[in-house]
$ cat model-v1.cif   # mmCIF, C-alpha atoms
data_run
#
loop_
_atom_site.label_atom_id
_atom_site.label_comp_id
_atom_site.auth_asym_id
_atom_site.auth_seq_id
_atom_site.Cartn_x
_atom_site.Cartn_y
_atom_site.Cartn_z
CA MET T 1 -9.73 -26.50 40.27
CA LEU T 2 -12.13 -24.04 38.66
CA GLN T 3 -12.71 -24.55 34.94
CA ARG T 4 -14.44 -22.12 32.63
CA ILE T 5 -16.35 -23.43 29.61
CA TYR T 6 -17.61 -21.21 26.79
CA GLY T 7 -20.32 -22.14 24.33
CA THR T 8 -22.13 -20.58 21.39
CA ALA T 9 -25.63 -21.16 20.02
CA TRP T 10 -27.04 -20.40 16.59
CA PHE T 11 -30.59 -20.25 15.26
CA LYS T 12 -29.61 -21.30 11.74
CA LYS T 13 -27.04 -23.73 10.41
CA ASP T 14 -25.71 -21.25 7.84
CA GLU T 15 -25.00 -18.79 10.66
CA LEU T 16 -23.00 -21.48 12.45
CA ASP T 17 -21.19 -22.33 9.22
CA ALA T 18 -20.31 -18.65 8.73
CA TYR T 19 -19.01 -18.45 12.31
CA LEU T 20 -16.85 -21.57 11.88
CA HIS T 21 -15.55 -20.17 8.59
CA ARG T 22 -14.50 -16.95 10.36
CA LEU T 23 -12.69 -18.98 13.01
CA GLU T 24 -10.82 -20.90 10.34
CA GLU T 25 -9.98 -17.71 8.46
CA ALA T 26 -8.75 -16.10 11.67
CA LYS T 27 -6.34 -19.02 12.21
CA LYS T 28 -5.00 -18.70 8.67
CA ARG T 29 -4.56 -14.94 9.03
CA ASP T 30 -3.10 -14.90 12.55
CA HIS T 31 -0.57 -12.06 12.36
CA ARG T 32 1.85 -13.87 14.65
CA ARG T 33 2.19 -16.70 12.14
CA VAL T 34 1.92 -14.62 8.95
CA GLY T 35 4.34 -12.02 10.27
CA ARG T 36 6.92 -14.70 10.99
CA GLU T 37 6.46 -16.32 7.57
CA LEU T 38 6.83 -12.98 5.79
CA ASP T 39 9.79 -11.95 7.97
CA LEU T 40 8.14 -8.78 9.33
CA PHE T 41 8.85 -8.86 13.07
CA LEU T 42 9.90 -11.01 16.00
CA PHE T 43 9.69 -11.10 19.79
CA HIS T 44 12.26 -12.13 22.39
CA HIS T 45 11.79 -13.10 26.02
CA TRP T 46 14.42 -10.54 27.10
CA ALA T 47 12.08 -7.78 25.89
CA PRO T 48 8.55 -8.99 26.75
CA GLY T 49 5.84 -6.89 25.15
CA ALA T 50 8.20 -5.08 22.77
CA VAL T 51 8.57 -5.68 19.04
CA PHE T 52 11.70 -6.23 16.96
CA TRP T 53 10.85 -4.97 13.47
CA THR T 54 12.86 -6.56 10.68
CA SER T 55 13.91 -4.56 7.65
CA ARG T 56 10.74 -5.68 5.84
CA GLY T 57 8.48 -4.83 8.76
CA THR T 58 10.21 -1.50 9.31
CA THR T 59 9.52 -0.63 5.67
CA MET T 60 5.80 -1.11 6.25
CA VAL T 61 5.77 0.86 9.51
CA ASN T 62 7.60 3.69 7.75
CA GLU T 63 5.02 3.66 4.94
CA ILE T 64 2.17 4.03 7.46
CA HIS T 65 4.13 6.70 9.31
CA GLY T 66 4.96 8.56 6.10
CA TYR T 67 1.36 8.48 4.88
CA LEU T 68 0.17 10.13 8.10
CA GLN T 69 2.94 12.70 7.89
CA GLU T 70 1.88 13.46 4.32
CA LEU T 71 -1.74 13.97 5.39
CA GLN T 72 -0.60 16.20 8.26
CA ARG T 73 1.81 18.30 6.25
CA ASP T 74 -0.53 21.30 6.23
CA GLY T 75 -2.12 22.62 9.40
CA TYR T 76 -0.19 20.43 11.84
CA HIS T 77 2.95 20.97 13.91
CA GLU T 78 4.93 17.75 14.38
CA VAL T 79 6.87 17.73 17.66
CA LYS T 80 8.98 15.35 19.76
CA THR T 81 9.00 15.31 23.54
CA PRO T 82 11.00 13.51 26.31
CA LEU T 83 10.47 9.87 27.18
CA MET T 84 10.71 10.20 30.99
CA TYR T 85 9.11 12.65 33.46
CA ASN T 86 8.98 13.36 37.14
CA LYS T 87 5.81 12.20 38.91
CA GLY T 88 4.87 15.87 39.45
CA LEU T 89 3.70 16.06 35.84
CA TRP T 90 1.47 13.01 36.26
CA GLU T 91 0.10 14.35 39.55
CA GLN T 92 -0.86 17.57 37.81
CA SER T 93 -2.49 15.73 34.89
CA GLY T 94 -4.34 13.29 37.17
CA HIS T 95 -2.65 10.18 35.79
CA TRP T 96 -0.58 9.45 38.91
CA GLY T 97 -3.67 8.75 40.97
CA LYS T 98 -5.66 6.93 38.30
CA TYR T 99 -3.07 5.27 36.04
CA LYS T 100 0.05 4.72 38.16
CA GLU T 101 -0.26 0.93 38.19
CA ASN T 102 0.01 0.91 34.38
CA MET T 103 3.19 3.01 34.31
CA PHE T 104 6.81 1.88 34.28
CA LEU T 105 8.31 3.64 37.31
CA VAL T 106 11.96 4.66 37.39
CA LEU T 107 14.06 4.86 40.56
CA ASP T 108 15.47 8.28 41.45
CA ASN T 109 18.88 7.64 43.05
CA GLU T 110 18.76 10.97 44.86
CA THR T 111 15.46 10.41 46.66
CA GLY T 112 15.53 6.62 46.73
CA GLU T 113 11.94 6.66 45.45
CA HIS T 114 10.33 5.78 42.14
CA ASP T 115 9.67 9.43 41.38
CA PHE T 116 10.01 9.18 37.59
CA SER T 117 8.20 7.17 34.96
CA LEU T 118 8.37 6.40 31.26
CA LYS T 119 5.50 8.22 29.61
CA PRO T 120 2.39 6.10 28.88
CA MET T 121 0.80 8.90 26.83
CA ASN T 122 1.78 12.17 25.16
CA CYS T 123 -0.95 14.52 26.38
CA PRO T 124 0.78 16.23 29.35
CA SER T 125 3.99 16.86 27.40
CA HIS T 126 1.99 18.70 24.73
CA TYR T 127 0.33 20.82 27.44
CA LEU T 128 3.78 21.83 28.66
CA MET T 129 4.80 22.84 25.14
CA TYR T 130 1.61 24.85 24.60
CA GLY T 131 1.95 26.51 27.99
CA ALA T 132 5.56 27.52 27.31
CA GLY T 133 4.46 30.32 24.97
CA LYS T 134 1.77 32.92 24.46
CA HIS T 135 -1.02 32.23 22.00
CA SER T 136 -3.56 34.30 20.13
CA TYR T 137 -7.00 33.25 18.96
CA ARG T 138 -5.62 33.70 15.44
CA GLU T 139 -3.39 30.61 15.95
CA LEU T 140 -6.27 28.34 16.86
CA PRO T 141 -6.92 25.53 16.19
CA LEU T 142 -3.30 24.66 16.98
CA ARG T 143 -2.68 21.00 16.07
CA MET T 144 0.32 19.41 17.79
CA ALA T 145 1.16 15.93 16.41
CA THR T 146 3.75 13.37 17.45
CA PHE T 147 4.79 9.76 16.81
CA ASP T 148 6.73 9.24 20.03
CA VAL T 149 7.26 5.83 21.65
CA LEU T 150 5.10 5.09 24.70
CA HIS T 151 5.30 2.46 27.46
CA ARG T 152 2.44 0.91 29.41
CA ASN T 153 2.95 -1.80 32.02
CA GLU T 154 0.44 -4.36 30.77
CA LEU T 155 0.09 -7.61 32.68
CA SER T 156 2.19 -10.36 31.14
CA GLY T 157 -0.88 -12.55 30.68
CA ALA T 158 -2.59 -9.82 28.66
CA LEU T 159 0.21 -9.52 26.08
CA SER T 160 -0.88 -10.77 22.67
CA GLY T 161 1.36 -10.45 19.63
CA LEU T 162 1.17 -6.98 18.12
CA THR T 163 -2.33 -6.24 19.39
CA ARG T 164 -1.35 -5.86 23.07
CA VAL T 165 2.21 -4.74 23.79
CA ARG T 166 4.08 -2.75 26.41
CA GLN T 167 6.09 -0.53 24.07
CA PHE T 168 4.40 1.08 21.09
CA GLN T 169 4.46 4.06 18.77
CA GLN T 170 1.27 6.10 18.49
CA ASP T 171 0.02 8.63 15.96
CA ASP T 172 -1.00 11.16 18.57
CA CYS T 173 -2.40 14.64 18.08
CA HIS T 174 -3.64 17.28 20.52
CA ILE T 175 -5.62 20.19 19.20
CA PHE T 176 -5.96 23.42 21.16
CA LEU T 177 -8.98 25.39 20.06
CA MET T 178 -11.79 27.73 21.02
CA GLU T 179 -15.08 26.26 22.15
CA SER T 180 -16.76 27.82 19.12
CA GLN T 181 -14.49 25.78 16.82
CA ILE T 182 -15.39 22.32 18.17
CA ALA T 183 -18.04 21.40 15.58
CA GLU T 184 -15.92 22.41 12.58
CA GLU T 185 -12.85 20.60 13.93
CA VAL T 186 -14.75 17.39 14.69
CA GLN T 187 -16.09 17.38 11.11
CA ARG T 188 -12.57 17.84 9.79
CA LEU T 189 -11.20 15.05 11.99
CA ALA T 190 -14.01 12.63 11.15
CA ASP T 191 -13.37 13.15 7.43
CA PHE T 192 -9.63 12.69 8.02
CA ILE T 193 -10.07 9.44 9.96
CA MET T 194 -12.66 7.85 7.69
CA GLY T 195 -10.66 8.76 4.59
CA TYR T 196 -7.53 7.20 6.09
CA TYR T 197 -9.34 3.92 6.70
CA ARG T 198 -10.74 3.84 3.17
CA THR T 199 -7.16 3.84 1.83
CA PHE T 200 -6.74 0.41 3.44
CA GLY T 201 -10.17 -0.86 2.39
CA LEU T 202 -11.47 -0.58 5.95
CA SER T 203 -14.90 0.67 7.02
CA ALA T 204 -15.83 1.99 10.45
CA VAL T 205 -18.80 2.52 12.74
CA VAL T 206 -18.90 5.30 15.31
CA LYS T 207 -19.63 5.11 19.04
CA PHE T 208 -20.07 7.98 21.50
CA GLY T 209 -18.62 7.33 24.97
CA THR T 210 -20.05 9.22 27.93
CA ARG T 211 -18.71 9.90 31.45
CA PRO T 212 -17.19 6.88 33.25
CA GLY T 213 -17.64 6.12 36.93
CA VAL T 214 -14.04 7.07 37.75
CA ARG T 215 -13.33 10.53 36.34
CA ILE T 216 -11.99 13.98 37.09
CA GLY T 217 -14.00 17.20 36.96
CA ASP T 218 -17.45 18.05 38.23
CA ASP T 219 -20.80 17.22 36.64
CA ALA T 220 -21.17 20.73 35.22
CA MET T 221 -17.93 20.32 33.25
CA TRP T 222 -19.05 16.91 31.99
CA ASP T 223 -22.47 18.23 31.00
CA ARG T 224 -20.78 20.93 28.95
CA ALA T 225 -18.26 18.57 27.35
CA GLU T 226 -20.79 15.87 26.48
CA ALA T 227 -23.27 18.35 25.03
CA GLY T 228 -20.55 20.02 22.93
CA LEU T 229 -19.09 16.80 21.54
CA ARG T 230 -22.48 15.20 20.87
CA ALA T 231 -23.66 18.30 19.00
CA ALA T 232 -20.49 18.24 16.91
CA LEU T 233 -20.98 14.53 16.17
CA ASP T 234 -24.61 15.12 15.19
CA ALA T 235 -23.46 17.84 12.79
CA THR T 236 -21.24 15.38 10.91
CA GLY T 237 -24.28 13.34 9.90
CA LEU T 238 -22.49 10.09 10.78
CA PRO T 239 -24.70 7.41 12.33
CA TYR T 240 -23.54 6.39 15.78
CA GLU T 241 -24.53 4.57 18.92
CA THR T 242 -24.07 5.74 22.49
CA ASN T 243 -21.71 3.77 24.72
CA PRO T 244 -22.58 4.84 28.30
CA GLY T 245 -19.68 5.11 30.72
CA ASP T 246 -17.01 4.50 28.04
CA GLY T 247 -15.52 8.01 27.99
CA ALA T 248 -11.96 8.78 29.04
CA PHE T 249 -11.51 9.78 32.67
CA TYR T 250 -11.06 13.40 31.56
CA GLY T 251 -13.75 13.73 28.87
CA PRO T 252 -16.27 12.16 26.47
CA LYS T 253 -15.07 10.59 23.24
CA ILE T 254 -15.98 9.49 19.75
CA ASP T 255 -14.50 6.07 18.91
CA PHE T 256 -14.14 4.55 15.45
CA HIS T 257 -14.61 0.77 15.33
CA VAL T 258 -13.14 -0.70 12.15
CA SER T 259 -14.36 -3.90 10.48
CA ASP T 260 -11.75 -6.08 8.79
CA SER T 261 -12.13 -8.37 5.78
CA ILE T 262 -13.62 -11.25 7.81
CA GLY T 263 -16.05 -9.11 9.81
CA ARG T 264 -14.19 -8.65 13.10
CA THR T 265 -14.27 -5.19 14.68
CA TRP T 266 -11.36 -3.27 16.20
CA GLN T 267 -11.46 0.05 18.04
CA LEU T 268 -8.86 2.30 16.41
CA GLY T 269 -9.38 6.02 16.00
CA THR T 270 -10.68 8.36 18.67
CA ILE T 271 -11.71 12.00 19.14
CA GLN T 272 -11.81 13.03 22.81
CA LEU T 273 -12.94 16.40 24.15
CA ASP T 274 -11.11 17.64 27.24
CA TYR T 275 -12.12 20.62 29.38
CA ALA T 276 -10.14 19.43 32.42
CA ALA T 277 -6.55 19.66 31.11
CA PRO T 278 -6.65 23.39 30.25
CA GLU T 279 -7.76 24.07 33.83
CA ARG T 280 -5.14 21.82 35.41
CA PHE T 281 -2.32 23.26 33.30
CA ASN T 282 -3.63 26.84 33.21
CA LEU T 283 -3.63 26.98 29.41
CA ILE T 284 -4.73 30.28 27.92
CA TYR T 285 -5.01 32.23 24.69
CA VAL T 286 -5.64 35.91 24.07
CA GLY T 287 -9.01 36.42 22.42
CA GLU T 288 -10.23 38.97 19.92
CA ASP T 289 -11.30 41.12 22.90
CA ASN T 290 -7.63 41.24 24.01
CA THR T 291 -8.36 39.30 27.24
CA GLU T 292 -7.30 35.84 28.34
CA HIS T 293 -9.52 32.84 27.63
CA ARG T 294 -9.31 29.12 28.31
CA PRO T 295 -8.98 26.86 25.25
CA VAL T 296 -10.36 23.33 25.06
CA VAL T 297 -8.32 20.31 23.98
CA ILE T 298 -9.19 17.54 21.53
CA HIS T 299 -7.19 14.31 21.74
CA ARG T 300 -7.04 12.56 18.37
CA ALA T 301 -5.62 9.26 17.15
CA VAL T 302 -6.21 7.59 13.78
CA ALA T 303 -4.27 4.31 13.53
CA GLY T 304 -3.75 4.21 17.29
CA SER T 305 -0.56 2.29 17.94
CA PHE T 306 1.37 1.34 14.80
CA GLU T 307 2.02 -2.08 16.32
CA ARG T 308 -1.66 -2.90 16.76
CA PHE T 309 -2.58 -1.35 13.41
CA MET T 310 0.07 -3.49 11.69
CA GLY T 311 -1.34 -6.61 13.35
CA ILE T 312 -4.81 -5.73 12.09
CA LEU T 313 -3.55 -5.01 8.57
CA ILE T 314 -1.62 -8.28 8.39
CA GLU T 315 -4.80 -10.19 9.22
CA HIS T 316 -7.06 -7.98 7.09
CA PHE T 317 -4.95 -8.58 3.98
CA ALA T 318 -3.77 -12.06 5.07
CA GLY T 319 -0.26 -10.85 4.21
CA ALA T 320 -1.19 -10.01 0.59
CA PHE T 321 -0.65 -6.26 0.96
CA PRO T 322 -1.48 -3.63 -1.64
CA LEU T 323 1.46 -2.59 -3.77
CA TRP T 324 2.25 0.70 -2.01
CA LEU T 325 2.41 -1.00 1.40
CA SER T 326 4.25 -4.20 0.41
CA PRO T 327 7.80 -4.41 1.80
CA GLU T 328 8.91 -5.98 -1.48
CA GLN T 329 6.98 -4.69 -4.49
CA VAL T 330 8.71 -6.48 -7.39
CA ARG T 331 11.01 -9.47 -7.55
CA VAL T 332 13.08 -9.70 -10.74
CA LEU T 333 13.79 -13.28 -11.85
CA PRO T 334 16.32 -14.08 -14.60
CA ILE T 335 15.56 -17.44 -16.22
CA SER T 336 19.24 -18.34 -16.44
CA ASP T 337 22.65 -16.84 -15.74
CA ALA T 338 22.69 -15.51 -19.31
CA GLN T 339 19.97 -13.02 -18.36
CA ASN T 340 21.53 -11.87 -15.08
CA ASP T 341 22.85 -8.63 -16.58
CA ALA T 342 19.52 -7.77 -18.24
CA ALA T 343 17.64 -8.58 -15.01
CA GLY T 344 20.09 -6.45 -13.04
CA THR T 345 19.48 -3.53 -15.41
CA LEU T 346 15.69 -3.78 -14.91
CA HIS T 347 16.19 -4.06 -11.16
CA GLN T 348 18.25 -0.87 -11.20
CA LYS T 349 15.62 0.96 -13.27
CA LEU T 350 12.95 -0.06 -10.79
CA ARG T 351 15.02 1.13 -7.85
CA GLU T 352 15.69 4.46 -9.54
CA ALA T 353 11.92 4.84 -10.08
CA GLY T 354 11.33 4.42 -6.34
CA VAL T 355 10.05 0.84 -6.56
CA ARG T 356 11.12 -1.62 -3.87
CA SER T 357 12.69 -4.24 -6.11
CA HIS T 358 14.69 -7.35 -5.27
CA LEU T 359 16.89 -9.21 -7.76
CA ASP T 360 16.79 -12.97 -7.27
CA ASP T 361 19.87 -14.16 -9.16
CA ARG T 362 20.43 -17.22 -6.99
CA ASN T 363 21.62 -20.40 -8.68
CA GLN T 364 18.17 -21.99 -8.48
CA THR T 365 15.55 -23.06 -11.02
CA LEU T 366 12.99 -20.56 -12.19
CA ASN T 367 10.17 -22.62 -10.67
CA TYR T 368 11.91 -22.53 -7.29
CA LYS T 369 12.27 -18.75 -7.48
CA ILE T 370 8.63 -18.31 -8.50
CA ARG T 371 7.39 -20.50 -5.64
CA ASP T 372 9.52 -18.54 -3.19
CA GLY T 373 8.18 -15.21 -4.48
CA GLU T 374 4.61 -16.47 -4.24
CA THR T 375 5.21 -17.74 -0.70
CA MET T 376 6.45 -14.26 0.28
CA LYS T 377 3.32 -12.78 -1.39
CA VAL T 378 5.34 -10.43 -3.61
CA PRO T 379 2.83 -8.44 -5.74
CA TYR T 380 4.76 -8.76 -9.01
CA LEU T 381 7.28 -11.32 -10.26
CA ALA T 382 9.17 -9.91 -13.26
CA VAL T 383 10.65 -12.73 -15.33
CA ILE T 384 13.49 -11.99 -17.76
CA GLY T 385 14.26 -14.58 -20.42
CA GLY T 386 16.15 -14.35 -23.69
CA ARG T 387 13.30 -12.72 -25.62
CA GLU T 388 12.65 -10.19 -22.86
CA ALA T 389 16.33 -9.33 -22.57
CA ASP T 390 16.62 -8.74 -26.33
CA GLY T 391 13.31 -6.87 -26.72
CA GLY T 392 13.32 -4.65 -23.60
CA THR T 393 10.20 -6.36 -22.30
CA VAL T 394 9.31 -8.27 -19.15
CA ALA T 395 7.01 -11.24 -18.43
CA VAL T 396 4.97 -10.15 -15.41
CA ARG T 397 3.28 -12.56 -13.02
CA THR T 398 0.75 -10.73 -10.86
CA ARG T 399 0.01 -12.13 -7.40
CA GLY T 400 -3.21 -14.13 -7.31
CA THR T 401 -3.44 -14.82 -11.06
CA GLY T 402 -1.83 -18.25 -11.05
CA THR T 403 0.52 -19.04 -13.93
CA LYS T 404 -0.72 -16.23 -16.18
CA GLN T 405 2.06 -14.02 -17.56
CA ASN T 406 1.65 -10.63 -19.20
CA ILE T 407 4.35 -9.53 -21.63
CA ILE T 408 4.80 -5.77 -21.39
CA SER T 409 7.50 -3.23 -22.17
CA GLN T 410 9.72 -2.41 -19.25
CA ALA T 411 8.88 1.30 -19.56
CA ASP T 412 5.12 0.64 -19.37
CA PHE T 413 5.62 -1.78 -16.46
CA ILE T 414 7.49 0.84 -14.45
CA ALA T 415 4.97 3.57 -15.33
CA ASN T 416 2.07 1.36 -14.21
CA LEU T 417 3.81 0.56 -10.94
CA LYS T 418 4.50 4.22 -10.19
CA GLU T 419 0.85 5.14 -10.82
CA ARG T 420 -0.47 2.44 -8.48
CA ILE T 421 2.03 3.36 -5.79
CA THR T 422 1.35 7.09 -6.05
CA THR T 423 -2.43 6.62 -5.85
CA ARG T 424 -2.12 3.95 -3.14
CA SER T 425 -4.35 1.68 -5.16
CA LEU T 426 -5.77 -1.42 -3.48
CA GLU T 427 -5.81 -3.24 -6.82
CA LEU T 428 -2.80 -4.78 -8.56
#
$ encode --input "model-v1.cif" --output "structure tokens"
Amino acid sequence: MLQRIYGTAWFKKDELDAYLHRLEEAKKRDHRRVGRELDLFLFHHWAPGAVFWTSRGTTMVNEIHGYLQELQRDGYHEVKTPLMYNKGLWEQSGHWGKYKENMFLVLDNETGEHDFSLKPMNCPSHYLMYGAGKHSYRELPLRMATFDVLHRNELSGALSGLTRVRQFQQDDCHIFLMESQIAEEVQRLADFIMGYYRTFGLSAVVKFGTRPGVRIGDDAMWDRAEAGLRAALDATGLPYETNPGDGAFYGPKIDFHVSDSIGRTWQLGTIQLDYAAPERFNLIYVGEDNTEHRPVVIHRAVAGSFERFMGILIEHFAGAFPLWLSPEQVRVLPISDAQNDAAGTLHQKLREAGVRSHLDDRNQTLNYKIRDGETMKVPYLAVIGGREADGGTVAVRTRGTGTKQNIISQADFIANLKERITTRSLEL
């Protein structure tokens, strides 16, 4: 039997110590364990590679989704497209010949063949939508965004928690534009992507992927696409390294590799320039000269799949999420049954203010409730005793500060929460 053994070597002991520390931290932060402990998601063998989001996990996914929608409110057209297509679409796009083994094929009862598939990406459906109408140069860039569910037939041995799944939801965008608009659009997208990561306390490095060995289009098209995208990347002023052969099969790309809190890197966002799709789908716009021209397409993703992004965030924050992202933002704890009504009133005020509050009025000791709230990494525990009930105040325990309590008026507490949530502050 063949056995494979891996080893590492270090020039200095402190480098080895740092490496071992990262390994230990990675075990503590493993999203599969933390996600189960915080009741965020689950898996089941009847749906391998697909995620069951609990109410708490769904809240977080919706926050990420909503934030992207907010950023894309102006200048973007959000669309939804079908889940299943005939193979003719994938033959036209080039995916049938180069990606078929990664697609879930569906049997057509009329032909007896697997002539349909669940979509593994959104690109061709957006080309169909663009091609269904007439477009003027005045409309460009036209940014078509979607959050549709995708399916890719990953090998069972490659599945890994949230970071490698078969069903996922992607923040996908396809931008139809004139060649003269590439540099300005790439600058806009780079600012968008880097700013999004900063909200989560993430930093990124940039890599430029050139033509792969297996690709569509001739060398002249690739020369044009690589020169155009590289020039646009140079104009942003962002430092980058070249990654030869790492482009998509239809065009070169700019990838954003994010570093998490323990120094691991993850490839997330991408900007891909595509000259091939407009040719294959005969996409046109009417130019200022009143004649037809061929647009170019930019493929853009920021978080990538929400599933993978959630896995990264769980490990980045070790489950201690910033207030705006936390599934439960405040837990209200009455000291005894005598304060249940006062605690319920504060809970209702928090809910009315848009704060995700939970009232823990179980017949348990205060210490038990506090330990449970700390275990669930709730940002704020709001304790209501007799003095607080009579004075309209609250004793606030902030996550990570031990037993320290801050007595504050309920009005100020709610105002402070709203400010931190609105600004998406990373600090409590």
$ closest_residue --input "model-v1.cif" --among "T:Gly304, T:Pro322, T:Asn102, T:Val258" --to "T:Arg420" --atoms "all atoms listed in the file"
T:Pro322
$ resolve_selection --input "model-v1.cif" --expression "the PyMOL selection byres ((chain T and resi 30) around 12)" --output "ChimeraX atom specification"
/T:22-29,31-37,160-163,310-319
$ write_last_selection --input "model-v1.cif" --atoms "C-alpha atoms" --output "PDB file, keeping the file's coordinate frame"
ATOM      1  CA  ARG T  22     -14.500 -16.950  10.360  1.00  0.00           C
ATOM      2  CA  LEU T  23     -12.690 -18.980  13.010  1.00  0.00           C
ATOM      3  CA  GLU T  24     -10.820 -20.900  10.340  1.00  0.00           C
ATOM      4  CA  GLU T  25      -9.980 -17.710   8.460  1.00  0.00           C
ATOM      5  CA  ALA T  26      -8.750 -16.100  11.670  1.00  0.00           C
ATOM      6  CA  LYS T  27      -6.340 -19.020  12.210  1.00  0.00           C
ATOM      7  CA  LYS T  28      -5.000 -18.700   8.670  1.00  0.00           C
ATOM      8  CA  ARG T  29      -4.560 -14.940   9.030  1.00  0.00           C
ATOM      9  CA  HIS T  31      -0.570 -12.060  12.360  1.00  0.00           C
ATOM     10  CA  ARG T  32       1.850 -13.870  14.650  1.00  0.00           C
ATOM     11  CA  ARG T  33       2.190 -16.700  12.140  1.00  0.00           C
ATOM     12  CA  VAL T  34       1.920 -14.620   8.950  1.00  0.00           C
ATOM     13  CA  GLY T  35       4.340 -12.020  10.270  1.00  0.00           C
ATOM     14  CA  ARG T  36       6.920 -14.700  10.990  1.00  0.00           C
ATOM     15  CA  GLU T  37       6.460 -16.320   7.570  1.00  0.00           C
ATOM     16  CA  SER T 160      -0.880 -10.770  22.670  1.00  0.00           C
ATOM     17  CA  GLY T 161       1.360 -10.450  19.630  1.00  0.00           C
ATOM     18  CA  LEU T 162       1.170  -6.980  18.120  1.00  0.00           C
ATOM     19  CA  THR T 163      -2.330  -6.240  19.390  1.00  0.00           C
ATOM     20  CA  MET T 310       0.070  -3.490  11.690  1.00  0.00           C
ATOM     21  CA  GLY T 311      -1.340  -6.610  13.350  1.00  0.00           C
ATOM     22  CA  ILE T 312      -4.810  -5.730  12.090  1.00  0.00           C
ATOM     23  CA  LEU T 313      -3.550  -5.010   8.570  1.00  0.00           C
ATOM     24  CA  ILE T 314      -1.620  -8.280   8.390  1.00  0.00           C
ATOM     25  CA  GLU T 315      -4.800 -10.190   9.220  1.00  0.00           C
ATOM     26  CA  HIS T 316      -7.060  -7.980   7.090  1.00  0.00           C
ATOM     27  CA  PHE T 317      -4.950  -8.580   3.980  1.00  0.00           C
ATOM     28  CA  ALA T 318      -3.770 -12.060   5.070  1.00  0.00           C
ATOM     29  CA  GLY T 319      -0.260 -10.850   4.210  1.00  0.00           C
TER      30      GLY T 319
END
$ closest_residue --input "model-v1.cif" --among "T:Ala220, T:Leu177, T:Ile421, T:Met144" --to "T:Val286" --atoms "all atoms listed in the file"
T:Leu177
$ resolve_selection --input "model-v1.cif" --expression "the PyMOL selection byres ((chain T and resi 323-327) around 8)" --output "PyMOL selection string"
chain T and resi 56-57+59-60+63-64+320-322+328-329+356+378-379+420-422+424-428
$ atom_distance --input "model-v1.cif" --atom1 "atom CA of T:Asn243" --atom2 "atom CA of T:Gly263"
20.5 Å
$ atom_distance --input "model-v1.cif" --atom1 "atom CA of T:Arg143" --atom2 "atom CA of T:Arg73"
11.1 Å
$ closest_residue --input "model-v1.cif" --among "T:Gly237, T:Gly228, T:His174, T:Phe306" --to "T:Asn62" --atoms "all atoms listed in the file"
T:Phe306
$ residues_around --input "model-v1.cif" --residues "T:Val297" --least-positions-apart "3" --cutoff "7 Å" --atoms "all atoms listed in the file" --output "list in words"
His174, Ile175, Phe176, Leu177, Leu273, Asp274 and Tyr275 of chain T
$ closest_residue --input "model-v1.cif" --among "T:Ile335, T:Gly213, T:Leu233, T:Thr345" --to "T:Gln187" --atoms "all atoms listed in the file"
T:Leu233
$ closest_residue --input "model-v1.cif" --among "T:Thr393, T:Ile182, T:Val214, T:Tyr196" --to "T:Ala231" --atoms "all atoms listed in the file"
T:Ile182
$ closest_residue --input "model-v1.cif" --among "T:Pro82, T:Pro252, T:Gly209, T:Pro295" --to "T:Met129" --atoms "only C-alpha atoms"
T:Pro82
$ resolve_selection --input "model-v1.cif" --expression "the PyMOL selection byres ((chain T and resi 245-249) around 10)" --output "VMD selection string"
chain T and resid 94 to 95 98 207 to 217 226 242 to 244 250 to 255 272 to 274 276
$ residues_around --input "model-v1.cif" --residues "T:Ser156" --least-positions-apart "4" --cutoff "12 Å" --atoms "all atoms listed in the file" --output "list in words"
His45, Ala47, Pro48, Gly49, Ala50, Asn102, Arg152, Ser160, Gly161, Arg164, Val165 and Arg166 of chain T
$ atom_distance --input "model-v1.cif" --atom1 "atom CA of T:Gln170" --atom2 "atom CA of T:Gly269"
10.9 Å
